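Text of upload_31.pdb (PDB, C-alpha atoms, pLDDT in the B column) as supplied:
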```pdb
ATOM      1  CA  MET A  19     105.041 114.939  84.042  1.00 58.00           C
ATOM      2  CA  ALA A  20     105.847 111.342  85.076  1.00 85.00           C
ATOM      3  CA  ALA A  21     103.097 108.749  85.314  1.00 89.00           C
ATOM      4  CA  ASP A  22     103.741 108.392  89.043  1.00 93.00           C
ATOM      5  CA  ASP A  23     103.063 112.105  89.526  1.00 95.00           C
ATOM      6  CA  ASP A  24      99.780 111.706  87.663  1.00 96.00           C
ATOM      7  CA  LYS A  25      98.856 108.750  89.882  1.00 96.00           C
ATOM      8  CA  ARG A  26      99.468 110.928  92.929  1.00 97.00           C
ATOM      9  CA  LEU A  27      97.366 113.770  91.511  1.00 97.00           C
ATOM     10  CA  ALA A  28      94.485 111.400  90.750  1.00 97.00           C
ATOM     11  CA  ALA A  29      94.674 110.013  94.294  1.00 97.00           C
ATOM     12  CA  GLU A  30      94.640 113.488  95.804  1.00 97.00           C
ATOM     13  CA  ALA A  31      91.643 114.490  93.654  1.00 97.00           C
ATOM     14  CA  ALA A  32      89.716 111.453  94.883  1.00 97.00           C
ATOM     15  CA  MET A  33      90.148 112.641  98.473  1.00 97.00           C
ATOM     16  CA  ALA A  34      87.198 114.967  97.787  1.00 96.00           C
ATOM     17  CA  GLU A  35      85.017 111.857  98.098  1.00 97.00           C
ATOM     18  CA  VAL A  36      86.119 111.138 101.680  1.00 98.00           C
ATOM     19  CA  VAL A  37      84.238 112.651 104.614  1.00 97.00           C
ATOM     20  CA  ASP A  38      84.566 112.369 108.361  1.00 97.00           C
ATOM     21  CA  GLY A  39      83.329 109.104 109.875  1.00 97.00           C
ATOM     22  CA  MET A  40      83.632 106.975 106.751  1.00 98.00           C
ATOM     23  CA  LEU A  41      84.764 103.373 106.514  1.00 98.00           C
ATOM     24  CA  VAL A  42      87.062 103.425 103.476  1.00 98.00           C
ATOM     25  CA  GLY A  43      88.145 100.466 101.362  1.00 98.00           C
ATOM     26  CA  LEU A  44      91.802 100.548 100.376  1.00 98.00           C
ATOM     27  CA  GLY A  45      92.798  99.134  97.014  1.00 97.00           C
ATOM     28  CA  THR A  46      96.005  97.359  96.054  1.00 97.00           C
ATOM     29  CA  GLY A  47      98.860  98.372  93.773  1.00 95.00           C
ATOM     30  CA  SER A  48     101.128 101.335  93.145  1.00 94.00           C
ATOM     31  CA  THR A  49      98.300 103.780  92.380  1.00 96.00           C
ATOM     32  CA  ALA A  50      96.225 102.716  95.385  1.00 97.00           C
ATOM     33  CA  ALA A  51      99.311 103.245  97.550  1.00 97.00           C
ATOM     34  CA  HIS A  52      99.168 106.939  96.677  1.00 97.00           C
ATOM     35  CA  ALA A  53      95.578 107.038  97.927  1.00 98.00           C
ATOM     36  CA  ILE A  54      96.585 105.347 101.176  1.00 98.00           C
ATOM     37  CA  ARG A  55      99.309 107.949 101.722  1.00 98.00           C
ATOM     38  CA  ALA A  56      96.894 110.783 100.919  1.00 97.00           C
ATOM     39  CA  LEU A  57      94.341 109.379 103.381  1.00 98.00           C
ATOM     40  CA  ALA A  58      97.021 109.135 106.051  1.00 98.00           C
ATOM     41  CA  ARG A  59      97.921 112.787 105.538  1.00 97.00           C
ATOM     42  CA  ARG A  60      94.268 113.788 105.908  1.00 96.00           C
ATOM     43  CA  ALA A  61      93.944 111.615 109.021  1.00 96.00           C
ATOM     44  CA  GLY A  62      96.981 113.384 110.407  1.00 95.00           C
ATOM     45  CA  ASP A  63      95.113 116.656 109.916  1.00 96.00           C
ATOM     46  CA  GLY A  64      92.176 115.354 111.974  1.00 96.00           C
ATOM     47  CA  LEU A  65      89.990 113.357 109.569  1.00 96.00           C
ATOM     48  CA  ARG A  66      88.355 110.476 111.444  1.00 97.00           C
ATOM     49  CA  ILE A  67      88.120 107.350 109.294  1.00 98.00           C
ATOM     50  CA  ASP A  68      88.472 103.597 109.597  1.00 98.00           C
ATOM     51  CA  CYS A  69      89.688 101.411 106.741  1.00 98.00           C
ATOM     52  CA  VAL A  70      89.506  97.909 105.349  1.00 98.00           C
ATOM     53  CA  ALA A  71      92.231  96.679 103.017  1.00 98.00           C
ATOM     54  CA  THR A  72      92.085  94.478  99.941  1.00 98.00           C
ATOM     55  CA  SER A  73      95.527  92.965 100.539  1.00 97.00           C
ATOM     56  CA  GLU A  74      98.019  92.316 103.280  1.00 97.00           C
ATOM     57  CA  THR A  75     100.413  94.719 101.544  1.00 97.00           C
ATOM     58  CA  SER A  76      97.916  97.582 101.626  1.00 98.00           C
ATOM     59  CA  ALA A  77      96.966  96.799 105.227  1.00 98.00           C
ATOM     60  CA  ALA A  78     100.614  96.919 106.287  1.00 98.00           C
ATOM     61  CA  LEU A  79     101.203 100.228 104.491  1.00 98.00           C
ATOM     62  CA  ALA A  80      98.082 101.770 106.034  1.00 98.00           C
ATOM     63  CA  ARG A  81      98.886 100.633 109.554  1.00 98.00           C
ATOM     64  CA  GLY A  82     102.467 101.822 109.148  1.00 98.00           C
ATOM     65  CA  LEU A  83     101.130 105.289 108.311  1.00 98.00           C
ATOM     66  CA  GLY A  84      98.880 105.312 111.379  1.00 97.00           C
ATOM     67  CA  LEU A  85      95.527 104.471 109.772  1.00 98.00           C
ATOM     68  CA  SER A  86      93.005 102.299 111.606  1.00 98.00           C
ATOM     69  CA  VAL A  87      92.506  99.074 109.612  1.00 98.00           C
ATOM     70  CA  ARG A  88      89.599  96.778 110.456  1.00 98.00           C
ATOM     71  CA  ASP A  89      89.211  93.103 109.570  1.00 98.00           C
ATOM     72  CA  PHE A  90      86.932  92.912 106.525  1.00 98.00           C
ATOM     73  CA  ALA A  91      85.688  89.504 107.714  1.00 97.00           C
ATOM     74  CA  ALA A  92      83.714  91.375 110.373  1.00 98.00           C
ATOM     75  CA  VAL A  93      82.477  94.146 108.050  1.00 98.00           C
ATOM     76  CA  ALA A  94      79.148  93.990 106.204  1.00 98.00           C
ATOM     77  CA  SER A  95      79.290  97.294 104.329  1.00 98.00           C
ATOM     78  CA  VAL A  96      81.837  99.929 103.319  1.00 98.00           C
ATOM     79  CA  ASP A  97      81.115 103.597 102.611  1.00 98.00           C
ATOM     80  CA  LEU A  98      83.691 104.236  99.894  1.00 98.00           C
ATOM     81  CA  THR A  99      86.436 102.234  98.167  1.00 98.00           C
ATOM     82  CA  ILE A 100      89.320 103.894  96.318  1.00 98.00           C
ATOM     83  CA  ASP A 101      91.394 101.693  94.016  1.00 98.00           C
ATOM     84  CA  GLY A 102      93.517 101.711  90.876  1.00 97.00           C
ATOM     85  CA  ALA A 103      92.914  99.984  87.548  1.00 97.00           C
ATOM     86  CA  ASP A 104      94.881  98.386  84.737  1.00 97.00           C
ATOM     87  CA  GLU A 105      92.406  99.845  82.220  1.00 98.00           C
ATOM     88  CA  ILE A 106      89.342 102.074  82.538  1.00 98.00           C
ATOM     89  CA  ASP A 107      86.992 103.062  79.716  1.00 97.00           C
ATOM     90  CA  GLY A 108      84.623 105.993  79.319  1.00 95.00           C
ATOM     91  CA  GLY A 109      81.771 103.987  80.839  1.00 96.00           C
ATOM     92  CA  CYS A 110      83.764 103.369  84.041  1.00 97.00           C
ATOM     93  CA  ARG A 111      84.241  99.701  83.201  1.00 98.00           C
ATOM     94  CA  ALA A 112      87.645  98.446  84.307  1.00 98.00           C
ATOM     95  CA  ILE A 113      90.187  95.671  84.203  1.00 98.00           C
ATOM     96  CA  LYS A 114      91.919  95.217  87.545  1.00 98.00           C
ATOM     97  CA  GLY A 115      94.201  92.698  89.183  1.00 96.00           C
ATOM     98  CA  ALA A 116      97.783  93.430  88.153  1.00 95.00           C
ATOM     99  CA  GLY A 117      98.450  93.690  91.891  1.00 95.00           C
ATOM    100  CA  GLY A 118      97.031  90.199  92.395  1.00 95.00           C
ATOM    101  CA  ALA A 119      94.133  91.141  94.686  1.00 97.00           C
ATOM    102  CA  MET A 120      91.145  91.141  92.318  1.00 96.00           C
ATOM    103  CA  LEU A 121      89.091  88.614  94.304  1.00 97.00           C
ATOM    104  CA  ARG A 122      89.411  90.563  97.542  1.00 97.00           C
ATOM    105  CA  GLU A 123      88.943  93.807  95.599  1.00 98.00           C
ATOM    106  CA  LYS A 124      85.724  92.461  94.076  1.00 97.00           C
ATOM    107  CA  CYS A 125      84.420  91.500  97.536  1.00 98.00           C
ATOM    108  CA  VAL A 126      85.178  94.919  99.022  1.00 98.00           C
ATOM    109  CA  ALA A 127      83.754  96.665  95.939  1.00 98.00           C
ATOM    110  CA  ALA A 128      80.518  94.682  96.247  1.00 98.00           C
ATOM    111  CA  ALA A 129      80.218  95.712  99.890  1.00 98.00           C
ATOM    112  CA  SER A 130      80.808  99.382  99.080  1.00 98.00           C
ATOM    113  CA  ARG A 131      78.150 102.023  98.673  1.00 98.00           C
ATOM    114  CA  ARG A 132      80.477 103.720  96.184  1.00 98.00           C
ATOM    115  CA  MET A 133      83.727 102.762  94.455  1.00 98.00           C
ATOM    116  CA  VAL A 134      86.033 105.176  92.666  1.00 98.00           C
ATOM    117  CA  VAL A 135      89.052 104.356  90.530  1.00 98.00           C
ATOM    118  CA  ILE A 136      92.179 106.479  90.278  1.00 98.00           C
ATOM    119  CA  ALA A 137      94.563 106.188  87.339  1.00 97.00           C
ATOM    120  CA  ASP A 138      97.128 107.903  85.165  1.00 96.00           C
ATOM    121  CA  GLY A 139      96.221 108.674  81.577  1.00 96.00           C
ATOM    122  CA  SER A 140      97.842 105.554  80.133  1.00 96.00           C
ATOM    123  CA  LYS A 141      95.076 103.461  81.755  1.00 97.00           C
ATOM    124  CA  TRP A 142      92.225 105.355  80.053  1.00 96.00           C
ATOM    125  CA  VAL A 143      91.169 103.411  76.952  1.00 97.00           C
ATOM    126  CA  ASP A 144      88.440 103.514  74.328  1.00 97.00           C
ATOM    127  CA  ARG A 145      87.903  99.769  74.553  1.00 97.00           C
ATOM    128  CA  LEU A 146      88.859  97.242  77.236  1.00 98.00           C
ATOM    129  CA  GLY A 147      91.114  94.368  76.260  1.00 97.00           C
ATOM    130  CA  GLY A 148      94.611  95.709  75.744  1.00 96.00           C
ATOM    131  CA  ALA A 149      95.563  94.585  79.236  1.00 97.00           C
ATOM    132  CA  PRO A 150      95.322  90.923  80.232  1.00 98.00           C
ATOM    133  CA  VAL A 151      92.366  89.878  82.366  1.00 98.00           C
ATOM    134  CA  PRO A 152      93.656  88.266  85.585  1.00 98.00           C
ATOM    135  CA  VAL A 153      91.745  85.175  86.678  1.00 98.00           C
ATOM    136  CA  GLU A 154      92.151  83.827  90.220  1.00 98.00           C
ATOM    137  CA  VAL A 155      92.031  80.047  90.223  1.00 98.00           C
ATOM    138  CA  LEU A 156      91.825  77.304  92.839  1.00 98.00           C
ATOM    139  CA  PRO A 157      95.227  75.566  92.597  1.00 98.00           C
ATOM    140  CA  PHE A 158      93.489  72.165  92.671  1.00 98.00           C
ATOM    141  CA  ALA A 159      91.803  73.029  89.347  1.00 98.00           C
ATOM    142  CA  HIS A 160      94.654  74.947  87.695  1.00 97.00           C
ATOM    143  CA  SER A 161      95.272  72.631  84.722  1.00 98.00           C
ATOM    144  CA  PHE A 162      91.587  72.082  84.014  1.00 98.00           C
ATOM    145  CA  VAL A 163      90.789  75.801  84.151  1.00 98.00           C
ATOM    146  CA  ALA A 164      93.751  76.649  81.910  1.00 98.00           C
ATOM    147  CA  ARG A 165      92.491  74.163  79.293  1.00 98.00           C
ATOM    148  CA  VAL A 166      89.000  75.677  79.350  1.00 98.00           C
ATOM    149  CA  LEU A 167      90.346  79.226  79.159  1.00 98.00           C
ATOM    150  CA  GLU A 168      92.246  78.330  75.996  1.00 97.00           C
ATOM    151  CA  GLN A 169      88.871  78.191  74.195  1.00 96.00           C
ATOM    152  CA  ARG A 170      88.709  81.992  74.202  1.00 96.00           C
ATOM    153  CA  ALA A 171      91.991  83.352  75.525  1.00 97.00           C
ATOM    154  CA  MET A 172      95.710  82.787  75.933  1.00 98.00           C
ATOM    155  CA  PRO A 173      96.148  82.076  79.668  1.00 98.00           C
ATOM    156  CA  VAL A 174      99.602  82.490  81.209  1.00 98.00           C
ATOM    157  CA  LEU A 175     100.342  81.359  84.746  1.00 98.00           C
ATOM    158  CA  ARG A 176     101.647  84.335  86.714  1.00 98.00           C
ATOM    159  CA  MET A 177     105.106  83.616  88.114  1.00 98.00           C
ATOM    160  CA  VAL A 178     107.398  85.281  90.640  1.00 96.00           C
ATOM    161  CA  ASP A 179     110.960  84.160  91.340  1.00 95.00           C
ATOM    162  CA  LYS A 180     110.442  81.114  89.081  1.00 95.00           C
ATOM    163  CA  ALA A 181     107.480  79.902  91.174  1.00 97.00           C
ATOM    164  CA  PRO A 182     103.735  80.388  90.691  1.00 97.00           C
ATOM    165  CA  TYR A 183     102.524  83.659  92.143  1.00 98.00           C
ATOM    166  CA  LEU A 184     100.113  83.101  95.041  1.00 97.00           C
ATOM    167  CA  THR A 185      97.462  85.563  96.128  1.00 97.00           C
ATOM    168  CA  ASP A 186      96.788  86.345  99.787  1.00 97.00           C
ATOM    169  CA  GLN A 187      94.196  83.569  99.591  1.00 96.00           C
ATOM    170  CA  ARG A 188      96.947  81.174  98.371  1.00 97.00           C
ATOM    171  CA  ASN A 189      95.394  80.852  94.915  1.00 98.00           C
ATOM    172  CA  VAL A 190      97.139  81.048  91.538  1.00 98.00           C
ATOM    173  CA  VAL A 191      96.539  83.662  88.831  1.00 98.00           C
ATOM    174  CA  LEU A 192      96.158  83.068  85.104  1.00 98.00           C
ATOM    175  CA  ASP A 193      96.627  86.264  83.094  1.00 98.00           C
ATOM    176  CA  CYS A 194      94.388  85.935  80.029  1.00 98.00           C
ATOM    177  CA  ARG A 195      94.668  87.807  76.756  1.00 97.00           C
ATOM    178  CA  PHE A 196      91.421  87.692  74.790  1.00 96.00           C
ATOM    179  CA  ALA A 197      91.272  88.151  71.028  1.00 89.00           C
ATOM    180  CA  GLY A 198      88.444  90.682  70.839  1.00 92.00           C
ATOM    181  CA  LEU A 199      87.323  90.860  74.472  1.00 97.00           C
ATOM    182  CA  ASP A 200      83.543  91.009  74.918  1.00 98.00           C
ATOM    183  CA  PRO A 201      83.500  92.266  78.538  1.00 98.00           C
ATOM    184  CA  ALA A 202      79.961  91.269  79.525  1.00 98.00           C
ATOM    185  CA  ALA A 203      79.891  87.916  77.729  1.00 98.00           C
ATOM    186  CA  ASP A 204      83.401  86.943  78.781  1.00 98.00           C
ATOM    187  CA  ALA A 205      82.760  87.910  82.411  1.00 98.00           C
ATOM    188  CA  THR A 206      79.687  85.668  82.448  1.00 98.00           C
ATOM    189  CA  TRP A 207      81.657  82.856  80.841  1.00 98.00           C
ATOM    190  CA  LEU A 208      84.535  83.138  83.324  1.00 98.00           C
ATOM    191  CA  GLN A 209      82.132  82.994  86.249  1.00 97.00           C
ATOM    192  CA  SER A 210      80.663  79.759  84.857  1.00 98.00           C
ATOM    193  CA  ILE A 211      83.942  77.801  84.963  1.00 98.00           C
ATOM    194  CA  PRO A 212      84.335  75.576  88.052  1.00 98.00           C
ATOM    195  CA  GLY A 213      87.610  76.440  89.747  1.00 98.00           C
ATOM    196  CA  VAL A 214      87.538  80.115  88.771  1.00 98.00           C
ATOM    197  CA  LEU A 215      87.233  82.076  92.001  1.00 98.00           C
ATOM    198  CA  GLY A 216      87.345  85.577  90.604  1.00 97.00           C
ATOM    199  CA  HIS A 217      88.402  87.709  87.666  1.00 98.00           C
ATOM    200  CA  GLY A 218      89.549  91.228  86.943  1.00 98.00           C
ATOM    201  CA  LEU A 219      86.586  92.483  84.914  1.00 98.00           C
ATOM    202  CA  PHE A 220      84.872  95.200  86.977  1.00 98.00           C
ATOM    203  CA  LEU A 221      81.949  96.114  84.760  1.00 98.00           C
ATOM    204  CA  SER A 222      79.383  97.552  87.179  1.00 97.00           C
ATOM    205  CA  GLU A 223      81.274  98.219  90.414  1.00 97.00           C
ATOM    206  CA  VAL A 224      83.005 101.527  89.572  1.00 98.00           C
ATOM    207  CA  ALA A 225      80.864 104.619  90.127  1.00 98.00           C
ATOM    208  CA  ALA A 226      83.463 107.203  89.102  1.00 98.00           C
ATOM    209  CA  ALA A 227      87.072 107.560  88.003  1.00 98.00           C
ATOM    210  CA  TYR A 228      89.710 110.234  88.482  1.00 98.00           C
ATOM    211  CA  VAL A 229      92.201 110.094  85.616  1.00 98.00           C
ATOM    212  CA  ALA A 230      95.263 112.352  85.583  1.00 97.00           C
ATOM    213  CA  GLU A 231      97.261 113.024  82.439  1.00 95.00           C
ATOM    214  CA  HIS A 232     100.094 115.556  82.122  1.00 93.00           C
ATOM    215  CA  GLY A 233      99.047 117.128  85.404  1.00 94.00           C
ATOM    216  CA  ASN A 234      95.368 117.553  84.548  1.00 96.00           C
ATOM    217  CA  VAL A 235      92.693 115.483  86.321  1.00 97.00           C
ATOM    218  CA  THR A 236      89.492 114.402  84.564  1.00 96.00           C
ATOM    219  CA  ARG A 237      86.570 113.051  86.565  1.00 97.00           C
ATOM    220  CA  LEU A 238      84.334 110.435  84.938  1.00 95.00           C
ATOM    221  CA  GLU A 239      80.982 109.505  86.449  1.00 95.00           C
ATOM    222  CA  ARG A 240      79.141 106.343  85.447  1.00 91.00           C
ATOM    223  CA  SER A 241      75.945 107.007  83.551  1.00 79.00           C
ATOM    224  CA  ARG A 242      72.843 105.243  84.808  1.00 65.00           C
ATOM    225  CA  GLY A 243      72.355 101.966  83.021  1.00 55.00           C
ATOM    226  CA  THR A 244      76.029 101.601  82.103  1.00 54.00           C
ATOM    227  CA  GLY A 245      77.587  98.216  82.755  1.00 54.00           C
TER     228      GLY A 245
END
```
Write-out of the structure in structure tokens:
Amino acid sequence: MAADDDKRLAAEAAMAEVVDGMLVGLGTGSTAAHAIRALARRAGDGLRIDCVATSETSAALARGLGLSVRDFAAVASVDLTIDGADEIDGGCRAIKGAGGAMLREKCVAAASRRMVVIADGSKWVDRLGGAPVPVEVLPFAHSFVARVLEQRAMPVLRMVDKAPYLTDQRNVVLDCRFAGLDPAADATWLQSIPGVLGHGLFLSEVAAAYVAEHGNVTRLERSRGTG
């Protein structure tokens, strides 16, 4: 079974978390897009939900499928967020941000009563760190932040069409490969660097994960005290 089919199965399994009347946070990326389509199908069958989106791309997809998308700037709390991940470990700690929306995703996750991740089996790892950790940076401080990041990682400026990639907030992204990532310590260190606006280490936000591999879905629930 193709990875994309597993992504779809994981998204459909996560629909069990959605109930009538919820405000649902929509993630960003190819896996989250499957969740948006699954939500739209359920809304078409009569489910009443509103949504907030973590990116302009996800908002456009959701609206195009007939979902009601509210402005997160006017939202104080979210019932449930469903999103993908670049890596997820057995403790429901994740690396996110390949889709370039980790700062908005972190904000929506923090506002959510519950966040679940959906993924195909290739994203399930024993130890975080195989994937780069995206770091969203104020363009004004790009060179300074890159120099500081070189103390622990190999930062690479994300590019698209030979120009720096810009997030929806018009910030740049440095994709950082750590030699021996220490998730908790490195997250604290990243947050201490002036000019760093956000990063892709989601160590306490994810409550559960639905991981599909070869057509079989496994549900992981965070243990109390994990993170």
Handout entry: Expected selection from the PyMOL selection byres ((chain A and resi 45-54) around 8), given as a ChimeraX atom specification
Key = /A:22,25-26,29-30,32-33,43-44,55-58,71-73,75-76,79-80,99-102,116-117,119,123,136-137
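Using all atoms listed in the file, the smallest distance between any of A:Asp200, A:Asp97, A:Asp104, A:Asp193 and Ser130 (chain A) comes from A:Asp97.
Take the candidates A:His160, A:Thr206, A:Leu238, A:Gly148 and check each one against Asn189 (chain A) using only C-alpha atoms; the shortest distance goes to A:His160.
Each of A:Ala91, A:Leu27, A:Met40, A:Val135 was compared to Cys69 (chain A) using all atoms listed in the file, and A:Met40 turns out to be the nearest.
With all atoms listed in the file as the atoms that count, the minimum distance from Glu231 (chain A) to the choices A:Ala103, A:Trp207, A:Phe90, A:Ser140 is reached by A:Ser140.
Distances here use all atoms listed in the file; by that measure, the residue among A:Asp107, A:Asn234, A:Glu35, A:Val126 closest to Val70 (chain A) is A:Val126.
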If you count all atoms listed in the file, which residues fall within 12 Å of Glu239 (chain A), apart from same-chain ones fewer than 5 positions away, as a compact mmCIF listing (two decimals) with C-alpha atoms, keeping the file's coordinate frame?
```
# COMPACT_ATOMS: atom_id res chain seq x y z
CA ILE A 106 89.34 102.07 82.54
CA ASP A 107 86.99 103.06 79.72
CA GLY A 108 84.62 105.99 79.32
CA GLY A 109 81.77 103.99 80.84
CA CYS A 110 83.76 103.37 84.04
CA ARG A 111 84.24 99.70 83.20
CA ARG A 132 80.48 103.72 96.18
CA MET A 133 83.73 102.76 94.46
CA VAL A 134 86.03 105.18 92.67
CA VAL A 135 89.05 104.36 90.53
CA GLU A 223 81.27 98.22 90.41
CA VAL A 224 83.00 101.53 89.57
CA ALA A 225 80.86 104.62 90.13
CA ALA A 226 83.46 107.20 89.10
CA ALA A 227 87.07 107.56 88.00
CA TYR A 228 89.71 110.23 88.48
CA VAL A 229 92.20 110.09 85.62
CA THR A 244 76.03 101.60 82.10
```
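Considering the residues A:Cys194, A:Ala31, A:Ala230, A:Ala129 and counting all atoms listed in the file, Ile113 (chain A) has its shortest atom-to-atom contact with A:Cys194.
Counting from CA of Arg176 (chain A), the distance to CA of Val214 (chain A) is 14.9 Å.
Reported to one decimal place, the separation of CA of Asp23 (chain A) from CA of Leu98 (chain A) is 23.3 Å.
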Exercise for the section: Starting from the shown file, work through the PyMOL selection byres ((chain A and resi 161) around 12) and note down what comes out as a ChimeraX atom specification. Expected result: /A:155-160,162-168,173-175,190-192,212-214
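The space between CA of Pro201 (chain A) and CA of Ser222 (chain A) spans 10.9 Å.
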Draw an axis-aligned box tight on the listed atoms of region 146-164 of chain A, then pad every side by 6 Å and write out centre and edge lengths in Å to one decimal as lines of an AutoDock Vina configuration file.
```
center_x = 92.2
center_y = 84.7
center_z = 84.3
size_x = 18.7
size_y = 37.2
size_z = 29.1
```
Handout entry: Ref. answer, residues at most 7 Å from (91.2, 83.3, 74.8) with only C-alpha atoms, as a count of residues only
Key = 10
